[in-house]
Amino acid sequence: MNPHNAMRAFVAVAQTGGFSTAASKLSMSTTAVSRHVADLEHDLGVTLLRRTTRQVSPTEAGARYLPRAAAILEEITRLNAEISAVDMTPRGKLRITAPPAVGHDWIAPLSVDFVEAYPEIDLEIEFTERLVDLVAEGFDAAIRAGPLVSSSMIAHRIIEMRYLVCASPAYLECRGVPERPEDIVDHDCIHWLGGPEAGTWSFTKDGARVTVPIRGRLLITNFAAEREAAVRGLGLAILLSLDARDDLAAGRLVPVLSDYQVYHGVLSLVRPALPFEPPKLRVFVDFITKALRARGSGLSSPGA
């Protein structure tokens, strides 16, 4: 019997309430998890888990064993992380997840530069809209946009995401310049598909918030395409200043309703709350943060 694996299997089953769920969490087969628990019970001479067709729960002995076993495993994780951190050379496989909109436009191009800069790191990035369970699925970190759900994860603030309402000079000459949010009901709007306020835009000024309905022929979930549509004169668009910077400087886009604040958010990287941050992840955070802040225009630089 491998005592460490047996203890891990028991704690996972007791905490998740099932053998199959624990097997998925541990990347083991259900049969292996069951065997590890059975070996532990045989070695201890007690039954740790009460098994029924509907659920699995700790026995009295299992309930006494669980907290101390979990504490021992946590201490082993801390010890391993501490020893691994002694070698500060960034190396090994790094698994990151990011939302597609941010990932394809911002992170993917930078990933090429990153692997060239750090030849001993193998980078794997998955772009997905789903909220990935980093620990259960074996990811080192996730890049997330907007407010973070309260959790045990450690968060690094990368950049603040400031938005502007923009349009091409040709469009504004033809359709007029909106002077207040209510004016946009007479305009075509290039809108982000979905989201909590689909079909409306919200504006804030002096603490007062106004939400107005919008209409338009293009709804999309791609920053680059949204910006290109605005440059071509298809309507008003709410764009990230990070993306619109060059077009604004060249006069291809013009900001409107500048006295009003639209959406504002933060791009963050979250990682499991391990006591020591692996060097490979630290250099990735630093690299991405530095590159994106360098691209920003008028963006503040919050500390990580």
# chains A, B, ... in the order shown; residues from 1 in each chain; ligands from 1

$ residues_around --residues "segment 283-291 of chain A" --least-positions-apart "3" --cutoff "8 Å" --atoms "only C-alpha atoms" --output "list in words"
Pro90, Ile107, Leu110, Phe114, His156, Ile158, Ile159, Leu269, Pro279, Lys280, Ala294 and Arg295 of chain A

$ closest_atom_pairs --of "segment 74-176 of chain A" --to "segment 245-263 of chain A" --cutoff "6 Å" --atoms "only C-alpha atoms" --output "Markdown table"
| residue | atom | partner | partner_atom | distance |
| --- | --- | --- | --- | --- |
| A:Tyr163 | CA | A:Tyr263 | CA | 5.8 |
| A:Val165 | CA | A:Val256 | CA | 5.6 |
| A:Cys166 | CA | A:Pro255 | CA | 4.4 |
| A:Ala167 | CA | A:Leu253 | CA | 5.3 |
| A:Ser168 | CA | A:Leu253 | CA | 4.5 |

$ write_last_selection --atoms "all heavy atoms" --output "PDB file, in the first residue's frame"
ATOM      1  N   TYR A 163     -13.234  51.488 -21.085  1.00  0.00           N
ATOM      2  CA  TYR A 163     -13.990  51.444 -22.336  1.00  0.00           C
ATOM      3  C   TYR A 163     -14.382  52.850 -22.798  1.00  0.00           C
ATOM      4  O   TYR A 163     -14.586  53.754 -21.983  1.00  0.00           O
ATOM      5  CB  TYR A 163     -15.264  50.618 -22.162  1.00  0.00           C
ATOM      6  CG  TYR A 163     -15.026  49.150 -21.894  1.00  0.00           C
ATOM      7  CD1 TYR A 163     -14.664  48.698 -20.623  1.00  0.00           C
ATOM      8  CD2 TYR A 163     -15.169  48.197 -22.901  1.00  0.00           C
ATOM      9  CE1 TYR A 163     -14.455  47.354 -20.368  1.00  0.00           C
ATOM     10  CE2 TYR A 163     -14.959  46.857 -22.662  1.00  0.00           C
ATOM     11  CZ  TYR A 163     -14.606  46.435 -21.391  1.00  0.00           C
ATOM     12  OH  TYR A 163     -14.400  45.102 -21.145  1.00  0.00           O
ATOM     13  N   VAL A 165     -16.871  54.974 -25.958  1.00  0.00           N
ATOM     14  CA  VAL A 165     -17.808  54.915 -27.078  1.00  0.00           C
ATOM     15  C   VAL A 165     -17.141  55.612 -28.260  1.00  0.00           C
ATOM     16  O   VAL A 165     -16.717  56.766 -28.152  1.00  0.00           O
ATOM     17  CB  VAL A 165     -19.141  55.602 -26.749  1.00  0.00           C
ATOM     18  CG1 VAL A 165     -20.108  55.475 -27.930  1.00  0.00           C
ATOM     19  CG2 VAL A 165     -19.765  54.983 -25.496  1.00  0.00           C
ATOM     20  N   CYS A 166     -17.032  54.919 -29.384  1.00  0.00           N
ATOM     21  CA  CYS A 166     -16.305  55.449 -30.543  1.00  0.00           C
ATOM     22  C   CYS A 166     -17.117  55.254 -31.823  1.00  0.00           C
ATOM     23  O   CYS A 166     -18.011  54.407 -31.896  1.00  0.00           O
ATOM     24  CB  CYS A 166     -14.961  54.736 -30.713  1.00  0.00           C
ATOM     25  SG  CYS A 166     -13.868  54.797 -29.296  1.00  0.00           S
ATOM     26  N   ALA A 167     -16.737  56.035 -32.821  1.00  0.00           N
ATOM     27  CA  ALA A 167     -17.313  55.873 -34.158  1.00  0.00           C
ATOM     28  C   ALA A 167     -16.348  56.483 -35.159  1.00  0.00           C
ATOM     29  O   ALA A 167     -15.454  57.261 -34.789  1.00  0.00           O
ATOM     30  CB  ALA A 167     -18.682  56.536 -34.247  1.00  0.00           C
ATOM     31  N   SER A 168     -16.533  56.172 -36.425  1.00  0.00           N
ATOM     32  CA  SER A 168     -15.676  56.748 -37.459  1.00  0.00           C
ATOM     33  C   SER A 168     -16.130  58.178 -37.760  1.00  0.00           C
ATOM     34  O   SER A 168     -17.309  58.513 -37.604  1.00  0.00           O
ATOM     35  CB  SER A 168     -15.747  55.917 -38.731  1.00  0.00           C
ATOM     36  OG  SER A 168     -17.014  56.071 -39.356  1.00  0.00           O
TER      37      SER A 168
END

$ select_by_dssp --residues "segment 53-98 of chain A" --states "helix (DSSP H, G or I)" --output "MDAnalysis selection string"
chainID A and resid 60:84

$ closest_residue --among "A:Gly233, A:Gly17, A:Gly216, A:Gly146" --to "Arg175 of chain A" --atoms "only C-alpha atoms"
A:Gly233

$ closest_residue --among "A:Gly62, A:Pro181, A:Gly207, A:Gly176" --to "Arg50 of chain A" --atoms "only C-alpha atoms"
A:Gly62

$ residues_around --residues "Ala14 of chain A" --least-positions-apart "2" --cutoff "8 Å" --atoms "only C-alpha atoms" --output "number ranges by chain"
A: 10-12, 16-18, 49, 56-58, 66

$ residues_around --residues "Arg162 of chain A" --least-positions-apart "5" --cutoff "8 Å" --atoms "only C-alpha atoms" --output "number ranges by chain"
A: 240-242, 263-265, 299

$ select_by_dssp --residues "segment 32-138 of chain A" --states "strand (DSSP E or B)" --output "list of chain:residue names"
A:Leu49, A:Arg50, A:Arg51, A:Val56, A:Ser57, A:Pro58, A:Gly92, A:Lys93, A:Leu94, A:Arg95, A:Ile96, A:Thr97, A:Ala98, A:Ile121, A:Asp122, A:Leu123, A:Glu124, A:Ile125, A:Glu126, A:Phe127

$ write_last_selection --atoms "N, CA, C and O atoms" --output "mmCIF file, in the first residue's frame"
data_model
loop_
_atom_site.group_PDB
_atom_site.id
_atom_site.type_symbol
_atom_site.label_atom_id
_atom_site.label_comp_id
_atom_site.auth_asym_id
_atom_site.auth_seq_id
_atom_site.Cartn_x
_atom_site.Cartn_y
_atom_site.Cartn_z
ATOM 1 N N LEU A 49 -15.389 4.601 5.637
ATOM 2 C CA LEU A 49 -16.473 5.150 4.827
ATOM 3 C C LEU A 49 -17.692 4.244 4.861
ATOM 4 O O LEU A 49 -17.577 3.017 4.755
ATOM 5 N N ARG A 50 -18.848 4.854 5.004
ATOM 6 C CA ARG A 50 -20.129 4.158 4.954
ATOM 7 C C ARG A 50 -20.645 4.255 3.528
ATOM 8 O O ARG A 50 -20.900 5.334 3.018
ATOM 9 N N ARG A 51 -20.787 3.140 2.855
ATOM 10 C CA ARG A 51 -21.149 3.104 1.452
ATOM 11 C C ARG A 51 -22.595 2.651 1.283
ATOM 12 O O ARG A 51 -22.990 1.596 1.808
ATOM 13 N N VAL A 56 -21.855 8.241 -0.195
ATOM 14 C CA VAL A 56 -20.728 7.762 0.599
ATOM 15 C C VAL A 56 -20.465 8.797 1.679
ATOM 16 O O VAL A 56 -20.376 9.997 1.382
ATOM 17 N N SER A 57 -20.360 8.367 2.924
ATOM 18 C CA SER A 57 -20.125 9.312 4.019
ATOM 19 C C SER A 57 -19.185 8.675 5.041
ATOM 20 O O SER A 57 -19.110 7.442 5.157
ATOM 21 N N PRO A 58 -18.424 9.505 5.783
ATOM 22 C CA PRO A 58 -17.488 8.959 6.764
ATOM 23 C C PRO A 58 -18.209 8.282 7.935
ATOM 24 O O PRO A 58 -19.265 8.738 8.381
ATOM 25 N N GLY A 92 9.459 23.827 -17.029
ATOM 26 C CA GLY A 92 8.359 22.879 -16.877
ATOM 27 C C GLY A 92 7.136 23.273 -17.695
ATOM 28 O O GLY A 92 7.118 24.273 -18.401
ATOM 29 N N LYS A 93 6.085 22.481 -17.560
ATOM 30 C CA LYS A 93 4.846 22.717 -18.291
ATOM 31 C C LYS A 93 3.979 23.710 -17.538
ATOM 32 O O LYS A 93 3.783 23.591 -16.324
ATOM 33 N N LEU A 94 3.439 24.688 -18.266
ATOM 34 C CA LEU A 94 2.584 25.714 -17.676
ATOM 35 C C LEU A 94 1.244 25.681 -18.394
ATOM 36 O O LEU A 94 1.167 25.889 -19.608
ATOM 37 N N ARG A 95 0.156 25.419 -17.643
ATOM 38 C CA ARG A 95 -1.179 25.330 -18.224
ATOM 39 C C ARG A 95 -2.012 26.532 -17.780
ATOM 40 O O ARG A 95 -2.188 26.770 -16.583
ATOM 41 N N ILE A 96 -2.524 27.276 -18.762
ATOM 42 C CA ILE A 96 -3.283 28.497 -18.515
ATOM 43 C C ILE A 96 -4.613 28.403 -19.255
ATOM 44 O O ILE A 96 -4.690 27.851 -20.350
ATOM 45 N N THR A 97 -5.666 28.970 -18.671
ATOM 46 C CA THR A 97 -6.941 29.096 -19.354
ATOM 47 C C THR A 97 -7.340 30.568 -19.396
ATOM 48 O O THR A 97 -6.991 31.340 -18.492
ATOM 49 N N ALA A 98 -8.044 30.953 -20.469
ATOM 50 C CA ALA A 98 -8.447 32.349 -20.644
ATOM 51 C C ALA A 98 -9.721 32.404 -21.463
ATOM 52 O O ALA A 98 -9.981 31.508 -22.277
ATOM 53 N N ILE A 121 10.235 26.491 -20.726
ATOM 54 C CA ILE A 121 8.830 26.391 -20.327
ATOM 55 C C ILE A 121 8.004 25.923 -21.519
ATOM 56 O O ILE A 121 8.097 26.471 -22.610
ATOM 57 N N ASP A 122 7.181 24.906 -21.306
ATOM 58 C CA ASP A 122 6.218 24.440 -22.298
ATOM 59 C C ASP A 122 4.862 25.042 -21.942
ATOM 60 O O ASP A 122 4.296 24.725 -20.890
ATOM 61 N N LEU A 123 4.343 25.913 -22.795
ATOM 62 C CA LEU A 123 3.116 26.652 -22.502
ATOM 63 C C LEU A 123 1.922 26.010 -23.202
ATOM 64 O O LEU A 123 1.937 25.763 -24.400
ATOM 65 N N GLU A 124 0.874 25.771 -22.429
ATOM 66 C CA GLU A 124 -0.384 25.230 -22.951
ATOM 67 C C GLU A 124 -1.510 26.184 -22.532
ATOM 68 O O GLU A 124 -1.725 26.408 -21.346
ATOM 69 N N ILE A 125 -2.218 26.762 -23.516
ATOM 70 C CA ILE A 125 -3.300 27.708 -23.219
ATOM 71 C C ILE A 125 -4.604 27.205 -23.823
ATOM 72 O O ILE A 125 -4.663 26.875 -25.009
ATOM 73 N N GLU A 126 -5.634 27.139 -23.001
ATOM 74 C CA GLU A 126 -6.966 26.754 -23.466
ATOM 75 C C GLU A 126 -7.892 27.961 -23.384
ATOM 76 O O GLU A 126 -8.040 28.563 -22.321
ATOM 77 N N PHE A 127 -8.504 28.317 -24.503
ATOM 78 C CA PHE A 127 -9.455 29.427 -24.528
ATOM 79 C C PHE A 127 -10.867 28.871 -24.392
ATOM 80 O O PHE A 127 -11.329 28.104 -25.249
#

$ atom_distance --atom1 "atom CA of Gln15 of chain A" --atom2 "atom CA of Ala61 of chain A"
14.9 Å

$ atom_distance --atom1 "atom CA of Ile184 of chain A" --atom2 "atom CA of Val102 of chain A"
26.8 Å
